[in-house]
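Structure first, then comments.
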Amino acid sequence: MLTFIGSRRQTYVLRTMQRDERMPKWTCHTYDWLFRTWRLLPATYIFTGVDGLDPGERRLAAQFYRHINAQGEGFRAMNDPAVGMGRYRLLRTLYERGINTFNAYLATERERPTRYPVFLRRNSASIKPLSDLLH
């Protein structure tokens with residue numbers, strides 16, 4: 001059994017996804033559920049949207065990661081929220097490795113974009129961009 005842990009928006013997407021008999025059995029819960037639950041069932045846990053957590057939530061999710069992996073057979077957590085990359089670092093790394101053709105820049109950097117159009121968005125919040133395309 002796969003158990004996805006994410007924000008309400010992310011778990012909504014997963015819950016409404018069409019299931020297929022070739023897919024493994026899975027369920028999803030929110031971080032709010034995880035932080036309040038008294039009992040975890042044996043499963044493989046996958047943390048999603050870690051970049052949207054505030055620092056305290058991220059530390060708590062990392063404690064759950066370690067707790068799940070310490071439970072023994074049948075319990076496994078796949079990705080440690082304590083070491084996950086944020087949006088900027090992930091996009092920059094994907095560009096540097098040639099996986100993405102677009103780059104990400106911090107507003108505080110002196111480096112200017114090499115390609116246009118661009119748009120502005122927050123570094124941490126997964127919400128719509130702050131601007132339309134800027135040519």
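Chain labels A, B, ... are given in the sequence in which chains occur in the structure tokens; within each chain residues are numbered consecutively from 1, and ligands are likewise numbered from 1 in the order shown.
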
Can you list, as a CSV table (one decimal) with N, CA, C and O atoms, in the first residue's frame, every protein, DNA or RNA residue that comes within 12 Å of His67 (chain A) when you count only C-alpha atoms, leaving out same-chain residues fewer than 3 positions away?
chain,number,residue,atom,x,y,z
A,34,LEU,N,-1.6,13.7,9.4
A,34,LEU,CA,-0.4,13.0,9.9
A,34,LEU,C,0.0,13.5,11.3
A,34,LEU,O,0.3,12.8,12.2
A,39,ARG,N,-2.2,6.6,15.1
A,39,ARG,CA,-1.8,5.2,14.6
A,39,ARG,C,-1.5,5.3,13.1
A,39,ARG,O,-2.4,5.8,12.4
A,40,LEU,N,-0.4,4.8,12.8
A,40,LEU,CA,-0.1,4.6,11.3
A,40,LEU,C,-0.1,3.2,11.0
A,40,LEU,O,0.3,2.3,11.7
A,45,TYR,N,5.2,5.3,2.7
A,45,TYR,CA,4.8,6.7,2.8
A,45,TYR,C,5.6,7.6,1.9
A,45,TYR,O,6.8,7.5,1.9
A,60,LEU,N,8.7,18.6,11.8
A,60,LEU,CA,7.8,17.6,12.3
A,60,LEU,C,7.6,16.5,11.3
A,60,LEU,O,7.6,15.3,11.7
A,61,ALA,N,7.5,16.8,10.0
A,61,ALA,CA,7.3,15.8,9.0
A,61,ALA,C,8.6,14.9,9.0
A,61,ALA,O,8.5,13.7,8.8
A,62,ALA,N,9.8,15.5,9.2
A,62,ALA,CA,11.0,14.8,9.2
A,62,ALA,C,11.1,13.8,10.4
A,62,ALA,O,11.6,12.7,10.3
A,63,GLN,N,10.5,14.2,11.5
A,63,GLN,CA,10.4,13.3,12.6
A,63,GLN,C,9.5,12.1,12.3
A,63,GLN,O,9.9,11.0,12.7
A,64,PHE,N,8.4,12.4,11.6
A,64,PHE,CA,7.6,11.3,11.2
A,64,PHE,C,8.3,10.4,10.2
A,64,PHE,O,8.1,9.1,10.3
A,70,ALA,N,11.6,3.6,11.5
A,70,ALA,CA,12.0,2.8,12.6
A,70,ALA,C,11.0,1.8,13.0
A,70,ALA,O,11.3,1.0,13.9
A,71,GLN,N,9.8,1.7,12.4
A,71,GLN,CA,8.8,0.8,12.8
A,71,GLN,C,9.0,-0.6,12.4
A,71,GLN,O,8.3,-1.5,12.8
A,72,GLY,N,9.9,-0.9,11.5
A,72,GLY,CA,10.2,-2.2,11.1
A,72,GLY,C,9.5,-2.7,9.8
A,72,GLY,O,9.0,-1.8,9.0
A,75,PHE,N,6.7,-1.0,7.1
A,75,PHE,CA,6.7,0.5,7.2
A,75,PHE,C,7.9,1.0,6.4
A,75,PHE,O,9.1,0.6,6.6
A,76,ARG,N,7.7,2.0,5.6
A,76,ARG,CA,8.8,2.6,4.8
A,76,ARG,C,8.4,4.1,4.4
A,76,ARG,O,7.3,4.3,3.9
A,77,ALA,N,9.3,5.0,4.7
A,77,ALA,CA,9.1,6.4,4.2
A,77,ALA,C,10.1,6.6,3.1
A,77,ALA,O,11.3,6.3,3.3
A,80,ASP,N,12.9,12.0,2.7
A,80,ASP,CA,13.1,12.7,4.0
A,80,ASP,C,12.8,14.2,3.8
A,80,ASP,O,13.5,14.9,3.1

message: I'd like the neighbourhood of Met85 (chain A) as a list in words, where a residue qualifies if any of its atoms comes within 12 Å (using only C-alpha atoms), though same-chain residues fewer than 3 positions away should be ignored.
response: Thr48, Gly49, Val50, Asp51, Gly52, Leu53, Arg58, Asn79, Asp80, Pro81, Ala82, Tyr88, Arg89, Leu90, Leu91, Arg92, Thr93, Leu94, Asn123 and Ser124 of chain A

Selection: 12 Å around Leu120 (chain A), only C-alpha atoms, excl. self and same-chain fewer than 6 positions, as a PDB file with N, CA, C and O atoms, in the first residue's frame:
ATOM      1  N   ALA A 104      15.782  29.008 -13.182  1.00  0.00           N
ATOM      2  CA  ALA A 104      15.101  29.775 -12.146  1.00  0.00           C
ATOM      3  C   ALA A 104      16.109  30.745 -11.546  1.00  0.00           C
ATOM      4  O   ALA A 104      17.293  30.432 -11.439  1.00  0.00           O
ATOM      5  N   TYR A 105      15.643  31.914 -11.182  1.00  0.00           N
ATOM      6  CA  TYR A 105      16.509  32.958 -10.643  1.00  0.00           C
ATOM      7  C   TYR A 105      15.869  33.538  -9.390  1.00  0.00           C
ATOM      8  O   TYR A 105      14.649  33.679  -9.323  1.00  0.00           O
ATOM      9  N   LEU A 106      16.690  33.894  -8.429  1.00  0.00           N
ATOM     10  CA  LEU A 106      16.205  34.627  -7.270  1.00  0.00           C
ATOM     11  C   LEU A 106      16.222  36.110  -7.598  1.00  0.00           C
ATOM     12  O   LEU A 106      17.120  36.591  -8.305  1.00  0.00           O
ATOM     13  N   ALA A 107      15.274  36.850  -7.079  1.00  0.00           N
ATOM     14  CA  ALA A 107      15.216  38.290  -7.328  1.00  0.00           C
ATOM     15  C   ALA A 107      16.462  38.995  -6.793  1.00  0.00           C
ATOM     16  O   ALA A 107      16.845  40.045  -7.294  1.00  0.00           O
ATOM     17  N   PRO A 113      17.987  36.753 -16.566  1.00  0.00           N
ATOM     18  CA  PRO A 113      17.516  35.613 -17.358  1.00  0.00           C
ATOM     19  C   PRO A 113      18.142  35.586 -18.749  1.00  0.00           C
ATOM     20  O   PRO A 113      18.353  36.627 -19.371  1.00  0.00           O
ATOM     21  N   ILE A 127       1.350  28.894  -5.474  1.00  0.00           N
ATOM     22  CA  ILE A 127       0.179  29.638  -5.933  1.00  0.00           C
ATOM     23  C   ILE A 127       0.489  30.188  -7.312  1.00  0.00           C
ATOM     24  O   ILE A 127       1.611  30.082  -7.783  1.00  0.00           O
ATOM     25  N   LYS A 128      -0.516  30.788  -7.939  1.00  0.00           N
ATOM     26  CA  LYS A 128      -0.290  31.297  -9.283  1.00  0.00           C
ATOM     27  C   LYS A 128       0.817  32.344  -9.305  1.00  0.00           C
ATOM     28  O   LYS A 128       1.086  32.990  -8.275  1.00  0.00           O
ATOM     29  N   PRO A 129       1.462  32.543 -10.453  1.00  0.00           N
ATOM     30  CA  PRO A 129       2.548  33.526 -10.538  1.00  0.00           C
ATOM     31  C   PRO A 129       2.068  34.923 -10.146  1.00  0.00           C
ATOM     32  O   PRO A 129       0.890  35.257 -10.269  1.00  0.00           O
ATOM     33  N   LEU A 130       3.011  35.753  -9.706  1.00  0.00           N
ATOM     34  CA  LEU A 130       2.699  37.128  -9.295  1.00  0.00           C
ATOM     35  C   LEU A 130       2.531  38.043 -10.493  1.00  0.00           C
ATOM     36  O   LEU A 130       2.013  39.132 -10.357  1.00  0.00           O
ATOM     37  N   SER A 131       3.014  37.600 -11.669  1.00  0.00           N
ATOM     38  CA  SER A 131       2.934  38.462 -12.858  1.00  0.00           C
ATOM     39  C   SER A 131       2.473  37.640 -14.048  1.00  0.00           C
ATOM     40  O   SER A 131       2.540  36.412 -14.040  1.00  0.00           O
ATOM     41  N   ASP A 132       2.028  38.356 -15.057  1.00  0.00           N
ATOM     42  CA  ASP A 132       1.827  37.722 -16.361  1.00  0.00           C
ATOM     43  C   ASP A 132       3.207  37.545 -16.976  1.00  0.00           C
ATOM     44  O   ASP A 132       4.220  37.957 -16.386  1.00  0.00           O
ATOM     45  N   LEU A 133       3.281  36.981 -18.166  1.00  0.00           N
ATOM     46  CA  LEU A 133       4.569  36.847 -18.840  1.00  0.00           C
ATOM     47  C   LEU A 133       5.164  38.223 -19.105  1.00  0.00           C
ATOM     48  O   LEU A 133       4.476  39.139 -19.568  1.00  0.00           O
ATOM     49  N   LEU A 134       6.452  38.370 -18.801  1.00  0.00           N
ATOM     50  CA  LEU A 134       7.167  39.614 -19.032  1.00  0.00           C
ATOM     51  C   LEU A 134       8.094  39.417 -20.223  1.00  0.00           C
ATOM     52  O   LEU A 134       8.958  38.547 -20.207  1.00  0.00           O
ATOM     53  N   HIS A 135       7.891  40.195 -21.269  1.00  0.00           N
ATOM     54  CA  HIS A 135       8.707  40.042 -22.473  1.00  0.00           C
ATOM     55  C   HIS A 135       9.932  40.937 -22.410  1.00  0.00           C
ATOM     56  O   HIS A 135      10.879  40.766 -23.069  1.00  0.00           O
TER      57      HIS A 135
END

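Counting only C-alpha atoms and comparing A:Pro117, A:Tyr65, A:Trp33, A:Thr16, the residue that lies closest to Val83 (chain A) is A:Tyr65.
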
A:Ile68, A:Met1, A:Ile99, A:Met78 ranked by distance to Phe47 (chain A), top pick (using only C-alpha atoms): A:Met78

message: Quick check for you: according to DSSP on this backbone, which residues of chain A are classed as strand (DSSP E)? Reply as a ChimeraX atom specification.
response: /A:2-6,26-30,43-47,75-77

Output all heavy atoms of each residue in that selection to a file, as a short mmCIF file (atom, residue, chain, number, x, y, z; two decimals), in the first residue's frame.
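Output saved as again-v7.cif:
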data_model
loop_
_atom_site.label_atom_id
_atom_site.label_comp_id
_atom_site.auth_asym_id
_atom_site.auth_seq_id
_atom_site.Cartn_x
_atom_site.Cartn_y
_atom_site.Cartn_z
N LEU A 2 0.59 2.17 -0.90
CA LEU A 2 1.26 3.47 -0.91
C LEU A 2 0.37 4.47 -0.18
O LEU A 2 -0.85 4.48 -0.38
CB LEU A 2 1.46 3.95 -2.34
CG LEU A 2 2.40 3.15 -3.23
CD1 LEU A 2 2.40 3.74 -4.64
CD2 LEU A 2 3.80 3.13 -2.66
N THR A 3 0.97 5.30 0.63
CA THR A 3 0.24 6.37 1.31
C THR A 3 0.95 7.68 1.00
O THR A 3 2.10 7.88 1.38
CB THR A 3 0.19 6.14 2.83
OG1 THR A 3 -0.47 4.90 3.08
CG2 THR A 3 -0.57 7.26 3.52
N PHE A 4 0.26 8.55 0.27
CA PHE A 4 0.79 9.87 -0.05
C PHE A 4 0.37 10.85 1.04
O PHE A 4 -0.78 10.86 1.47
CB PHE A 4 0.25 10.36 -1.39
CG PHE A 4 0.74 9.56 -2.56
CD1 PHE A 4 0.00 8.51 -3.06
CD2 PHE A 4 1.95 9.86 -3.17
CE1 PHE A 4 0.44 7.76 -4.14
CE2 PHE A 4 2.41 9.12 -4.24
CZ PHE A 4 1.65 8.07 -4.74
N ILE A 5 1.32 11.66 1.49
CA ILE A 5 1.05 12.71 2.48
C ILE A 5 1.30 14.04 1.77
O ILE A 5 2.37 14.25 1.20
CB ILE A 5 1.97 12.59 3.72
CG1 ILE A 5 1.86 11.20 4.35
CG2 ILE A 5 1.66 13.69 4.72
CD1 ILE A 5 0.53 10.86 4.94
N GLY A 6 0.33 14.95 1.81
CA GLY A 6 0.50 16.23 1.13
C GLY A 6 -0.48 17.27 1.63
O GLY A 6 -1.21 17.05 2.60
N TRP A 26 -3.40 2.54 -3.24
CA TRP A 26 -2.86 3.72 -2.60
C TRP A 26 -3.96 4.52 -1.93
O TRP A 26 -5.14 4.37 -2.25
CB TRP A 26 -2.08 4.59 -3.58
CG TRP A 26 -2.87 5.03 -4.78
CD1 TRP A 26 -2.99 4.39 -5.96
CD2 TRP A 26 -3.66 6.22 -4.90
NE1 TRP A 26 -3.79 5.09 -6.81
CE2 TRP A 26 -4.23 6.22 -6.18
CE3 TRP A 26 -3.95 7.27 -4.04
CZ2 TRP A 26 -5.05 7.23 -6.63
CZ3 TRP A 26 -4.77 8.28 -4.49
CH2 TRP A 26 -5.31 8.26 -5.76
N THR A 27 -3.54 5.32 -1.01
CA THR A 27 -4.43 6.25 -0.32
C THR A 27 -3.66 7.54 -0.10
O THR A 27 -2.45 7.60 -0.34
CB THR A 27 -4.92 5.65 1.01
OG1 THR A 27 -5.92 6.51 1.56
CG2 THR A 27 -3.79 5.50 2.00
N CYS A 28 -4.34 8.57 0.34
CA CYS A 28 -3.63 9.83 0.62
C CYS A 28 -4.25 10.51 1.84
O CYS A 28 -5.43 10.34 2.14
CB CYS A 28 -3.65 10.74 -0.59
SG CYS A 28 -5.25 11.00 -1.32
N HIS A 29 -3.41 11.24 2.53
CA HIS A 29 -3.80 11.99 3.72
C HIS A 29 -3.07 13.32 3.71
O HIS A 29 -2.03 13.47 3.07
CB HIS A 29 -3.42 11.23 4.99
CG HIS A 29 -4.15 9.94 5.17
ND1 HIS A 29 -5.48 9.87 5.49
CD2 HIS A 29 -3.73 8.66 5.05
CE1 HIS A 29 -5.85 8.60 5.57
NE2 HIS A 29 -4.80 7.85 5.30
N THR A 30 -3.60 14.26 4.46
CA THR A 30 -2.96 15.57 4.57
C THR A 30 -1.91 15.57 5.69
O THR A 30 -1.90 14.67 6.55
CB THR A 30 -3.99 16.67 4.88
OG1 THR A 30 -4.57 16.39 6.17
CG2 THR A 30 -5.08 16.73 3.81
N ALA A 43 2.70 0.69 5.55
CA ALA A 43 2.58 1.19 4.18
C ALA A 43 3.92 1.80 3.78
O ALA A 43 4.82 1.97 4.60
CB ALA A 43 1.48 2.25 4.07
N THR A 44 4.01 2.15 2.51
CA THR A 44 5.12 2.96 2.02
C THR A 44 4.60 4.40 1.96
O THR A 44 3.63 4.68 1.25
CB THR A 44 5.58 2.49 0.64
OG1 THR A 44 6.07 1.15 0.76
CG2 THR A 44 6.68 3.39 0.09
N TYR A 45 5.20 5.30 2.70
CA TYR A 45 4.75 6.69 2.81
C TYR A 45 5.60 7.57 1.90
O TYR A 45 6.82 7.46 1.89
CB TYR A 45 4.84 7.17 4.26
CG TYR A 45 3.83 6.50 5.15
CD1 TYR A 45 4.08 5.25 5.70
CD2 TYR A 45 2.60 7.11 5.41
CE1 TYR A 45 3.14 4.62 6.50
CE2 TYR A 45 1.66 6.48 6.21
CZ TYR A 45 1.93 5.24 6.75
OH TYR A 45 1.00 4.61 7.53
N ILE A 46 4.92 8.44 1.17
CA ILE A 46 5.58 9.36 0.25
C ILE A 46 5.14 10.78 0.62
O ILE A 46 3.95 11.09 0.57
CB ILE A 46 5.24 9.04 -1.22
CG1 ILE A 46 5.68 7.61 -1.54
CG2 ILE A 46 5.89 10.06 -2.16
CD1 ILE A 46 5.19 7.11 -2.88
N PHE A 47 6.10 11.61 0.99
CA PHE A 47 5.81 13.00 1.37
C PHE A 47 5.82 13.87 0.12
O PHE A 47 6.80 13.89 -0.62
CB PHE A 47 6.84 13.50 2.38
CG PHE A 47 6.80 12.77 3.68
CD1 PHE A 47 7.57 11.64 3.90
CD2 PHE A 47 5.96 13.18 4.70
CE1 PHE A 47 7.53 10.95 5.09
CE2 PHE A 47 5.91 12.50 5.91
CZ PHE A 47 6.69 11.38 6.10
N PHE A 75 6.74 -0.97 7.09
CA PHE A 75 6.74 0.49 7.16
C PHE A 75 7.94 1.02 6.40
O PHE A 75 9.06 0.56 6.61
CB PHE A 75 6.83 0.97 8.61
CG PHE A 75 5.59 0.75 9.41
CD1 PHE A 75 5.36 -0.46 10.06
CD2 PHE A 75 4.64 1.75 9.52
CE1 PHE A 75 4.22 -0.66 10.80
CE2 PHE A 75 3.49 1.55 10.26
CZ PHE A 75 3.28 0.34 10.90
N ARG A 76 7.70 2.00 5.56
CA ARG A 76 8.81 2.64 4.84
C ARG A 76 8.40 4.05 4.44
O ARG A 76 7.30 4.27 3.94
CB ARG A 76 9.16 1.84 3.59
CG ARG A 76 10.38 2.38 2.90
CD ARG A 76 10.86 1.44 1.84
NE ARG A 76 12.06 2.00 1.25
CZ ARG A 76 12.55 1.64 0.10
NH1 ARG A 76 11.95 0.72 -0.61
NH2 ARG A 76 13.64 2.18 -0.37
N ALA A 77 9.27 5.00 4.66
CA ALA A 77 9.08 6.38 4.18
C ALA A 77 10.12 6.63 3.11
O ALA A 77 11.30 6.31 3.29
CB ALA A 77 9.22 7.38 5.33
#

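Minimum atom-to-atom distance to Glu57 (chain A), evaluated using only C-alpha atoms, belongs to A:Ser7 out of A:Arg22, A:Gly98, A:Pro42, A:Ser7.
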